file structure_6.cif (mmCIF, C-alpha atoms)
data_my_file
#
loop_
_atom_site.label_atom_id
_atom_site.label_comp_id
_atom_site.auth_asym_id
_atom_site.auth_seq_id
_atom_site.Cartn_x
_atom_site.Cartn_y
_atom_site.Cartn_z
CA MET F 1455 156.54 43.62 59.92
CA SER F 1456 159.26 43.09 57.37
CA LYS F 1457 162.48 41.34 58.25
CA PRO F 1458 165.50 43.58 57.99
CA SER F 1459 167.94 42.05 55.55
CA GLY F 1460 171.49 42.03 56.84
CA GLN F 1461 172.86 44.23 54.07
CA GLU F 1462 170.45 47.13 54.32
CA PRO F 1463 169.78 47.76 57.96
CA LEU F 1464 170.04 51.51 57.43
CA ASP F 1465 167.54 51.50 54.59
CA ASP F 1466 165.17 49.55 56.74
CA LEU F 1467 165.67 51.94 59.64
CA ASN F 1468 165.04 54.90 57.32
CA ARG F 1469 161.86 53.32 56.06
CA ARG F 1470 160.61 52.63 59.57
CA LEU F 1471 161.49 56.16 60.68
CA LYS F 1472 159.57 57.56 57.74
CA ASP F 1473 156.61 55.38 58.58
CA ALA F 1474 156.68 56.55 62.18
CA ARG F 1475 156.86 60.17 61.09
CA ASN F 1476 153.93 59.74 58.72
CA ARG F 1477 151.95 58.08 61.46
CA LYS F 1478 152.74 60.98 63.75
CA THR F 1479 151.53 63.70 61.37
CA ALA F 1480 148.50 61.64 60.41
CA GLY F 1481 147.73 61.18 64.08
CA THR F 1482 147.89 64.86 65.00
CA ARG F 1483 145.97 65.84 61.92
CA GLY F 1484 143.30 63.32 62.74
CA LYS F 1485 143.12 64.60 66.30
CA ASN F 1486 142.73 68.20 65.23
CA GLY F 1487 140.56 67.50 62.23
CA GLY F 1488 138.27 64.94 63.82
CA ALA F 1489 137.47 66.50 67.20
CA PRO F 1490 133.86 67.64 67.56
CA TRP F 1491 134.87 71.27 68.24
CA SER F 1492 137.14 71.60 65.22
CA ASP F 1493 134.29 72.75 62.96
CA TYR F 1494 133.34 75.40 65.45
CA GLY F 1495 136.67 77.22 65.08
CA PRO F 1496 136.21 78.29 61.44
CA ALA F 1497 132.53 79.03 62.10
CA ILE F 1498 133.29 81.72 64.67
CA ARG F 1499 135.99 83.09 62.37
CA VAL F 1500 133.81 83.93 59.38
CA GLY F 1501 131.28 86.14 61.19
CA THR F 1502 133.81 88.59 62.57
CA ASP F 1503 135.86 88.48 59.34
CA LEU F 1504 132.86 89.80 57.40
CA VAL F 1505 131.99 92.52 59.90
CA ALA F 1506 135.63 93.62 60.31
CA GLY F 1507 135.99 94.19 56.54
CA ILE F 1508 132.90 96.40 56.44
CA ALA F 1509 133.96 98.26 59.60
CA VAL F 1510 137.44 99.07 58.25
CA GLY F 1511 135.91 100.23 54.94
CA VAL F 1512 133.40 102.49 56.69
CA VAL F 1513 136.04 104.01 59.00
CA ILE F 1514 138.43 104.73 56.09
CA GLY F 1515 135.59 106.30 54.08
CA TRP F 1516 134.37 108.39 56.99
CA VAL F 1517 137.86 109.71 57.86
CA LEU F 1518 138.65 110.56 54.21
CA ASP F 1519 135.28 112.30 53.87
CA ARG F 1520 135.93 114.49 56.89
CA TRP F 1521 139.44 115.25 55.68
CA LEU F 1522 138.54 116.06 52.05
CA GLY F 1523 135.02 117.41 52.70
CA THR F 1524 133.40 115.04 50.23
CA THR F 1525 130.66 113.77 52.55
CA PRO F 1526 129.08 111.27 51.92
CA TRP F 1527 130.58 109.96 48.67
CA LEU F 1528 133.81 108.34 49.85
CA LEU F 1529 131.91 106.75 52.74
CA LEU F 1530 129.60 105.08 50.23
CA VAL F 1531 132.47 103.99 47.98
CA PHE F 1532 134.48 102.56 50.86
CA PHE F 1533 131.42 100.87 52.34
CA VAL F 1534 131.09 98.91 49.11
CA LEU F 1535 134.84 98.19 48.98
CA GLY F 1536 134.77 97.15 52.65
CA SER F 1537 131.87 94.79 52.02
CA ALA F 1538 133.81 93.27 49.14
CA ALA F 1539 136.84 92.89 51.44
CA GLY F 1540 134.66 91.24 54.09
CA ILE F 1541 133.27 88.79 51.57
CA THR F 1542 136.80 88.13 50.29
CA ASN F 1543 137.83 87.32 53.87
CA VAL F 1544 134.95 84.85 54.23
CA MET F 1545 135.65 83.24 50.85
CA ARG F 1546 139.33 82.78 51.74
CA THR F 1547 138.44 81.14 55.04
CA ALA F 1548 135.92 78.88 53.33
CA MET F 1549 138.39 77.83 50.64
CA ARG F 1550 141.06 77.20 53.27
CA ILE F 1551 138.68 74.98 55.26
CA GLU F 1552 137.87 73.02 52.11
CA SER F 1553 141.49 72.50 51.09
CA ASP F 1554 142.41 71.59 54.69
CA ALA F 1555 139.61 69.05 54.84
CA LYS F 1556 140.70 67.58 51.53
CA ALA F 1557 144.33 67.39 52.65
CA ALA F 1558 143.33 65.84 55.99
CA CYS F 1559 141.22 63.27 54.18
CA GLU F 1560 143.99 62.33 51.75
CA ASN F 1561 146.57 62.31 54.52
CA SER F 1562 144.54 60.03 56.77
CA GLN F 1563 143.93 57.62 53.88
CA ASP F 1564 147.60 57.79 53.05
CA GLY F 1565 148.60 57.20 56.64
CA ASP F 1566 146.17 54.32 57.05
CA GLY F 1567 147.47 52.71 53.90
CA LYS F 1568 151.06 52.92 55.13
CA ASN F 1569 150.18 51.65 58.57
CA GLU F 1570 148.43 48.65 57.14
CA ALA F 1571 151.11 47.85 54.60
CA PRO F 1572 153.15 44.78 55.61
CA MET Y 1256 120.43 92.34 91.97
CA ALA Y 1257 123.90 93.30 90.76
CA SER Y 1258 124.26 94.44 87.17
CA PRO Y 1259 125.55 91.72 84.84
CA LEU Y 1260 128.14 94.22 83.57
CA GLU Y 1261 129.59 94.92 87.01
CA GLN Y 1262 132.08 92.06 86.54
CA PHE Y 1263 133.88 93.98 83.79
CA GLU Y 1264 134.58 97.03 85.93
CA ILE Y 1265 138.22 98.05 86.26
CA LYS Y 1266 139.12 98.62 89.90
CA THR Y 1267 142.32 100.32 90.94
CA ILE Y 1268 144.31 98.35 93.49
CA ILE Y 1269 147.50 100.42 93.74
CA PRO Y 1270 147.12 103.93 92.28
CA ILE Y 1271 150.23 104.97 90.31
CA GLU Y 1272 150.53 108.12 88.25
CA ILE Y 1273 153.62 109.11 86.28
CA ALA Y 1274 153.76 112.40 84.34
CA GLY Y 1275 149.99 112.73 84.39
CA ILE Y 1276 149.48 109.27 82.91
CA ASP Y 1277 147.43 106.86 85.00
CA ILE Y 1278 149.30 103.54 85.08
CA SER Y 1279 147.65 102.19 88.23
CA PHE Y 1280 147.88 98.53 89.11
CA THR Y 1281 144.28 97.36 88.61
CA ASN Y 1282 142.36 94.13 89.00
CA SER Y 1283 143.03 93.62 85.28
CA SER Y 1284 146.80 93.98 85.80
CA LEU Y 1285 146.60 91.61 88.75
CA MET Y 1286 144.93 88.91 86.65
CA MET Y 1287 147.46 89.39 83.84
CA ALA Y 1288 150.35 89.13 86.29
CA LEU Y 1289 148.77 86.01 87.76
CA THR Y 1290 148.37 84.56 84.27
CA VAL Y 1291 152.03 85.11 83.49
CA VAL Y 1292 153.10 83.57 86.82
CA ILE Y 1293 150.85 80.52 86.38
CA GLY Y 1294 151.71 80.04 82.71
CA GLY Y 1295 155.43 80.47 83.27
CA GLY Y 1296 155.32 78.37 86.42
CA VAL Y 1297 153.51 75.44 84.82
CA VAL Y 1298 155.86 75.33 81.86
CA ALA Y 1299 159.01 75.83 83.96
CA LEU Y 1300 158.02 73.17 86.50
CA ALA Y 1301 156.92 70.79 83.75
CA ALA Y 1302 160.26 71.20 81.98
CA SER Y 1303 162.44 71.08 85.10
CA ARG Y 1304 162.23 67.33 85.71
CA GLY Y 1305 162.45 65.94 82.21
CA ALA Y 1306 161.68 62.44 83.46
CA MET Y 1307 161.46 59.51 81.05
CA VAL Y 1308 158.11 58.59 82.56
CA PRO Y 1309 156.39 61.96 82.87
CA GLY Y 1310 154.44 62.96 85.94
CA ARG Y 1311 151.15 64.81 85.82
CA LEU Y 1312 152.56 68.28 85.34
CA GLN Y 1313 155.10 67.14 82.77
CA THR Y 1314 152.31 65.41 80.83
CA ILE Y 1315 150.33 68.65 80.75
CA GLY Y 1316 153.41 70.57 79.62
CA GLU Y 1317 154.17 68.05 76.90
CA MET Y 1318 150.55 68.06 75.73
CA LEU Y 1319 150.53 71.84 75.42
CA TYR Y 1320 153.88 71.81 73.62
CA GLU Y 1321 152.80 69.05 71.25
CA PHE Y 1322 149.49 70.78 70.55
CA ILE Y 1323 151.07 74.06 69.48
CA ALA Y 1324 154.02 72.38 67.74
CA GLY Y 1325 151.54 70.27 65.76
CA LEU Y 1326 149.48 73.32 64.92
CA ILE Y 1327 152.54 75.14 63.58
CA ARG Y 1328 153.72 72.05 61.66
CA GLU Y 1329 150.35 71.76 59.96
CA THR Y 1330 149.74 75.41 59.13
CA ILE Y 1331 153.20 76.90 58.49
CA GLY Y 1332 155.27 73.78 57.90
CA PRO Y 1333 158.81 73.03 59.12
CA GLU Y 1334 159.82 76.67 58.59
CA GLY Y 1335 157.43 77.71 61.32
CA ARG Y 1336 159.51 76.28 64.18
CA LYS Y 1337 161.18 79.68 64.66
CA TYR Y 1338 157.86 81.26 65.53
CA PHE Y 1339 156.97 78.70 68.20
CA PRO Y 1340 157.82 81.00 71.15
CA ILE Y 1341 155.50 83.86 70.17
CA ILE Y 1342 152.61 81.58 69.20
CA PHE Y 1343 152.96 79.45 72.33
CA THR Y 1344 153.15 82.56 74.54
CA LEU Y 1345 150.04 84.11 72.97
CA PHE Y 1346 148.15 80.83 73.24
CA MET Y 1347 149.08 80.28 76.89
CA PHE Y 1348 148.35 83.90 77.86
CA ILE Y 1349 144.88 83.86 76.31
CA LEU Y 1350 144.07 80.33 77.44
CA ILE Y 1351 145.03 80.86 81.07
CA GLY Y 1352 143.47 84.34 81.12
CA ASN Y 1353 140.19 82.92 79.82
CA MET Y 1354 140.30 79.99 82.24
CA LEU Y 1355 141.05 82.20 85.25
CA GLY Y 1356 138.09 84.31 84.18
CA MET Y 1357 135.85 81.27 84.58
CA ILE Y 1358 136.53 81.20 88.33
CA PRO Y 1359 133.67 82.94 90.16
CA TYR Y 1360 134.47 86.46 91.45
CA SER Y 1361 137.59 86.69 89.29
CA PHE Y 1362 138.12 89.09 86.40
CA THR Y 1363 138.38 88.24 82.68
CA PHE Y 1364 140.92 90.58 81.12
CA THR Y 1365 140.27 89.18 77.64
CA SER Y 1366 136.78 90.72 77.83
CA HIS Y 1367 138.38 94.15 77.35
CA ILE Y 1368 138.90 95.26 73.75
CA ILE Y 1369 142.10 97.16 74.52
CA VAL Y 1370 143.81 94.01 75.81
CA THR Y 1371 142.82 91.87 72.84
CA PHE Y 1372 143.50 94.71 70.39
CA VAL Y 1373 147.05 95.23 71.63
CA MET Y 1374 147.77 91.52 71.16
CA ALA Y 1375 146.22 91.52 67.68
CA PHE Y 1376 148.08 94.72 66.79
CA VAL Y 1377 151.42 93.25 67.86
CA VAL Y 1378 150.74 90.24 65.64
CA PHE Y 1379 149.70 92.51 62.75
CA ILE Y 1380 152.76 94.77 62.98
CA GLY Y 1381 155.08 91.81 63.53
CA VAL Y 1382 153.73 89.96 60.51
CA THR Y 1383 153.98 93.08 58.32
CA ILE Y 1384 157.61 93.63 59.38
CA LEU Y 1385 158.31 89.94 58.72
CA GLY Y 1386 156.81 90.26 55.25
CA PHE Y 1387 158.94 93.29 54.39
CA ALA Y 1388 162.08 91.77 55.91
CA ARG Y 1389 161.58 88.58 53.91
CA HIS Y 1390 160.48 90.03 50.56
CA GLY Y 1391 161.41 93.73 50.65
CA LEU Y 1392 159.23 95.90 48.43
CA HIS Y 1393 158.08 92.75 46.67
CA PHE Y 1394 155.78 92.30 49.68
CA PHE Y 1395 153.37 94.78 48.03
CA SER Y 1396 152.58 92.12 45.42
CA PHE Y 1397 150.65 90.47 48.27
CA PHE Y 1398 147.91 93.01 47.56
CA ILE Y 1399 147.59 91.97 43.92
CA PRO Y 1400 145.44 88.85 43.57
CA PRO Y 1401 147.25 86.31 41.38
CA GLY Y 1402 145.88 85.94 37.87
CA ALA Y 1403 143.83 89.14 37.90
CA PRO Y 1404 143.91 91.28 34.73
CA VAL Y 1405 145.72 94.63 35.07
CA TRP Y 1406 142.60 96.76 34.44
CA MET Y 1407 140.99 95.19 37.52
CA TRP Y 1408 143.85 96.27 39.80
CA PRO Y 1409 142.45 99.72 40.75
CA LEU Y 1410 139.39 97.92 42.14
CA LEU Y 1411 141.08 94.86 43.61
CA ILE Y 1412 144.03 96.50 45.37
CA PRO Y 1413 141.84 98.66 47.69
CA ILE Y 1414 139.77 95.57 48.51
CA GLU Y 1415 142.91 93.58 49.33
CA VAL Y 1416 144.33 96.43 51.44
CA ILE Y 1417 141.06 96.75 53.41
CA SER Y 1418 141.00 92.98 53.83
CA TYR Y 1419 144.55 93.11 55.19
CA LEU Y 1420 143.77 96.00 57.55
CA SER Y 1421 140.67 94.20 58.83
CA ARG Y 1422 142.82 91.38 60.24
CA PRO Y 1423 143.71 92.93 63.61
CA ILE Y 1424 140.12 94.20 64.01
CA SER Y 1425 138.68 90.78 63.31
CA LEU Y 1426 141.24 89.04 65.50
CA SER Y 1427 140.68 91.28 68.52
CA VAL Y 1428 136.92 91.75 68.25
CA ARG Y 1429 136.34 88.00 68.00
CA LEU Y 1430 138.08 87.21 71.28
CA PHE Y 1431 136.74 90.25 73.12
CA ALA Y 1432 133.12 89.87 71.93
CA ASN Y 1433 132.99 86.15 72.74
CA MET Y 1434 134.28 86.63 76.27
CA LEU Y 1435 132.10 89.70 76.93
CA ALA Y 1436 128.93 88.08 75.60
CA GLY Y 1437 129.55 84.74 77.29
CA HIS Y 1438 130.23 86.19 80.72
CA THR Y 1439 127.32 88.64 80.51
CA MET Y 1440 125.00 85.79 79.56
CA LEU Y 1441 126.20 83.70 82.50
CA LYS Y 1442 125.51 86.55 84.93
CA VAL Y 1443 122.06 87.32 83.47
CA ILE Y 1444 120.97 83.69 83.75
CA ALA Y 1445 122.47 83.45 87.22
CA GLY Y 1446 120.27 86.44 88.12
CA PHE Y 1447 117.19 84.47 87.00
CA VAL Y 1448 118.03 81.71 89.48
CA PHE Y 1449 117.54 84.13 92.36
CA ALA Y 1450 114.64 86.02 90.75
CA LEU Y 1451 112.61 82.84 90.21
CA GLY Y 1452 113.53 81.42 93.60
CA LEU Y 1453 112.90 77.90 94.86
CA LEU Y 1454 109.84 77.42 92.69
CA ALA Y 1455 111.24 77.72 89.17
CA GLY Y 1456 114.85 78.69 89.79
CA TRP Y 1457 116.00 75.14 89.08
CA LEU Y 1458 115.59 75.56 85.33
CA PRO Y 1459 118.03 78.46 84.93
CA LEU Y 1460 120.34 76.67 87.37
CA LEU Y 1461 120.42 73.64 85.06
CA LEU Y 1462 120.95 75.93 82.08
CA ILE Y 1463 123.80 77.80 83.72
CA THR Y 1464 125.53 74.51 84.58
CA ALA Y 1465 125.47 73.51 80.93
CA LEU Y 1466 126.49 76.99 79.80
CA THR Y 1467 129.49 77.00 82.14
CA GLY Y 1468 130.73 73.91 80.33
CA LEU Y 1469 130.18 75.64 77.00
CA GLU Y 1470 132.02 78.73 78.20
CA ILE Y 1471 135.04 76.64 79.21
CA LEU Y 1472 135.02 75.15 75.71
CA ILE Y 1473 134.82 78.64 74.19
CA ALA Y 1474 137.63 79.85 76.45
CA PHE Y 1475 139.84 77.14 74.97
CA LEU Y 1476 138.56 77.60 71.40
CA GLN Y 1477 139.23 81.32 71.37
CA ALA Y 1478 142.84 80.79 72.42
CA TYR Y 1479 143.14 78.10 69.74
CA VAL Y 1480 141.62 80.33 67.03
CA PHE Y 1481 143.91 83.22 67.97
CA ALA Y 1482 146.94 80.92 67.73
CA ILE Y 1483 145.91 79.33 64.43
CA LEU Y 1484 145.21 82.71 62.81
CA THR Y 1485 148.59 84.02 63.95
CA CYS Y 1486 150.10 80.96 62.22
CA LEU Y 1487 148.14 81.63 59.03
CA TYR Y 1488 149.21 85.29 58.96
CA ILE Y 1489 152.86 84.31 59.43
CA LYS Y 1490 152.50 81.80 56.62
CA ASP Y 1491 151.00 84.47 54.35
CA ALA Y 1492 153.89 86.82 55.13
CA LEU Y 1493 156.45 84.09 54.41
CA GLU Y 1494 154.91 82.76 51.22
CA LEU Y 1495 152.85 85.67 49.78
CA HIS Y 1496 149.65 83.93 48.57
#
call {"tool": "encode", "arguments": {"input": "structure_6.cif", "output": "structure tokens"}}
result
Amino acid sequence: MSKPSGQEPLDDLNRRLKDARNRKTAGTRGKNGGAPWSDYGPAIRVGTDLVAGIAVGVVIGWVLDRWLGTTPWLLLVFFVLGSAAGITNVMRTAMRIESDAKAACENSQDGDGKNEAP
Amino acid sequence: MASPLEQFEIKTIIPIEIAGIDISFTNSSLMMALTVVIGGGVVALAASRGAMVPGRLQTIGEMLYEFIAGLIRETIGPEGRKYFPIIFTLFMFILIGNMLGMIPYSFTFTSHIIVTFVMAFVVFIGVTILGFARHGLHFFSFFIPPGAPVWMWPLLIPIEVISYLSRPISLSVRLFANMLAGHTMLKVIAGFVFALGLLAGWLPLLLITALTGLEILIAFLQAYVFAILTCLYIKDALELH
């Protein structure tokens, strides 16, 4: 702990408040990012994200085909587009997990460093 | 032996019909009403005391509040505070609904696609309105991936639009399918306990004990995933990419 100098009690208070706030965010992040079930959340997300993309593509293609009488061409086109959308969904989730993990890692190191600083 | 799907049957408790539309009070409505009463009651009672040294209920209330507030702070940032009520309500509704469904002989309303779809659809429409209110017609640029060359747009825009439309489907099917599959599995294995009897029935009994624990975890996880995805969608609508 540092000794508050008589002239800058407010600065010292600000610094300590900031430290406490950093600790708080680091703490919650660690709790959410380190729990054993936290990896399971994204895992159950990707499966349905992929299927939902394909399903929406197929439904759009099927409806347009029936409406325009172009069976089965639009269904095929939208199946491919839907698959691409599904894969895009999965890629986005994966990239988000990676960036979150990176941020959590940096944040926890950051937080630890500040907590240990005299 | 009872069918493992019997637990999902909708039973009318009070038949009501207005203008030819069946709006009967069913076992599903009963569980939803109970969920609202329990959820509202827990939060109201927890907040009523406001003691410096919290009691049991207040600790639970503060934990739930802190959990969702932390989730919003991490995913949306400080701007997300405004959306705390809707996210907290959705989380509590799904969590308590799932947990009540774990009680034997009760009914799991989240195992019905229409219930989960309505919630996902409300989130979807709300987020779309938020996006338009915040950015106006500029919101359409959300469907153009940043940095993509113009000649790729005719291919990429349909993909982005399908990806956007798949959100409510994905959100609702995930919750519904997990609850349906989990509860069916529990009932099937419970059936084995009786079918195998005293001789070998102990094995499925052990299994079902472990699986009940897993199901409680999934009940919580699904509420958590629904809440976190709502946060991510709100963030997307606020920031566009």
call {"tool": "interface_residues", "arguments": {"input": "structure_6.cif", "of": "chain F", "to": "chain Y", "cutoff": "7 Å", "atoms": "all atoms listed in the file", "output": "list of chain:residue names"}}
result
F:Thr1482, F:Gly1495, F:Thr1502, F:Asp1503, F:Ala1506, F:Gly1507, F:Val1510, F:Gly1511, F:Leu1535, F:Gly1536, F:Ala1538, F:Ala1539, F:Gly1540, F:Asn1543
call {"tool": "closest_residue", "arguments": {"input": "structure_6.cif", "among": "F:Ala1558, F:Leu1467, F:Val1513, F:Ala1548", "to": "F:Arg1499", "atoms": "all atoms listed in the file"}}
result
F:Ala1548
call {"tool": "residues_near_point", "arguments": {"input": "structure_6.cif", "point": "(137.2, 82.1, 77.4)", "cutoff": "7 Å", "atoms": "all atoms listed in the file", "output": "list in words"}}
result
Asn1353, Met1354, Met1434, Glu1470, Ile1471, Ile1473, Ala1474, Phe1475 and Gln1477 of chain Y
call {"tool": "atom_distance", "arguments": {"input": "structure_6.cif", "atom1": "atom CA of Y:Tyr1320", "atom2": "atom CA of Y:Leu1300"}}
result
13.6 Å
call {"tool": "resolve_selection", "arguments": {"input": "structure_6.cif", "expression": "the PyMOL selection byres ((chain Y and resi 1356) around 10)", "output": "ChimeraX atom specification"}}
result
/Y:1286,1350-1355,1357-1366,1434,1438,1471,1474
call {"tool": "residues_around", "arguments": {"input": "structure_6.cif", "residues": "F:Arg1550", "least_positions_apart": "2", "cutoff": "12 Å", "atoms": "only C-alpha atoms", "output": "number ranges by chain"}}
result
F: 1496, 1499-1500, 1543-1548, 1552-1558; Y: 1330, 1484, 1487, 1496
call {"tool": "atom_distance", "arguments": {"input": "structure_6.cif", "atom1": "atom CA of Y:Leu1441", "atom2": "atom CA of Y:Thr1464"}}
result
9.4 Å
call {"tool": "decode", "arguments": {"input": "structure_6.cif", "residues": "stretch 1534-1546 of chain F", "atoms": "N, CA, C and O atoms", "output": "compact mmCIF listing (two decimals), in the first residue's frame"}}
result
# COMPACT_ATOMS: atom_id res chain seq x y z
N VAL F 1534 -27.20 -23.51 -51.22
CA VAL F 1534 -25.77 -23.19 -51.18
C VAL F 1534 -25.54 -21.89 -50.40
O VAL F 1534 -24.66 -21.81 -49.53
N LEU F 1535 -26.39 -20.87 -50.67
CA LEU F 1535 -26.25 -19.60 -49.95
C LEU F 1535 -26.49 -19.81 -48.46
O LEU F 1535 -25.78 -19.24 -47.62
N GLY F 1536 -27.49 -20.63 -48.12
CA GLY F 1536 -27.79 -20.91 -46.72
C GLY F 1536 -26.64 -21.61 -46.03
O GLY F 1536 -26.30 -21.30 -44.88
N SER F 1537 -26.02 -22.56 -46.74
CA SER F 1537 -24.85 -23.25 -46.16
C SER F 1537 -23.74 -22.26 -45.89
O SER F 1537 -23.09 -22.30 -44.84
N ALA F 1538 -23.54 -21.34 -46.87
CA ALA F 1538 -22.51 -20.32 -46.67
C ALA F 1538 -22.84 -19.46 -45.46
O ALA F 1538 -21.96 -19.13 -44.65
N ALA F 1539 -24.14 -19.12 -45.31
CA ALA F 1539 -24.55 -18.29 -44.16
C ALA F 1539 -24.31 -19.05 -42.86
O ALA F 1539 -23.83 -18.47 -41.88
N GLY F 1540 -24.62 -20.35 -42.87
CA GLY F 1540 -24.40 -21.17 -41.67
C GLY F 1540 -22.94 -21.20 -41.29
O GLY F 1540 -22.58 -21.04 -40.11
N ILE F 1541 -22.09 -21.38 -42.31
CA ILE F 1541 -20.65 -21.43 -42.03
C ILE F 1541 -20.16 -20.06 -41.56
O ILE F 1541 -19.33 -19.96 -40.66
N THR F 1542 -20.72 -18.98 -42.15
CA THR F 1542 -20.37 -17.63 -41.68
C THR F 1542 -20.72 -17.47 -40.21
O THR F 1542 -19.92 -16.94 -39.43
N ASN F 1543 -21.92 -17.96 -39.83
CA ASN F 1543 -22.34 -17.90 -38.42
C ASN F 1543 -21.30 -18.58 -37.52
O ASN F 1543 -20.89 -18.03 -36.50
N VAL F 1544 -20.90 -19.79 -37.92
CA VAL F 1544 -19.96 -20.57 -37.10
C VAL F 1544 -18.62 -19.85 -37.02
O VAL F 1544 -18.03 -19.74 -35.93
N MET F 1545 -18.16 -19.31 -38.17
CA MET F 1545 -16.87 -18.61 -38.17
C MET F 1545 -16.90 -17.41 -37.24
O MET F 1545 -15.94 -17.14 -36.51
N ARG F 1546 -18.03 -16.66 -37.28
CA ARG F 1546 -18.15 -15.47 -36.43
C ARG F 1546 -18.07 -15.87 -34.97
O ARG F 1546 -17.37 -15.22 -34.18
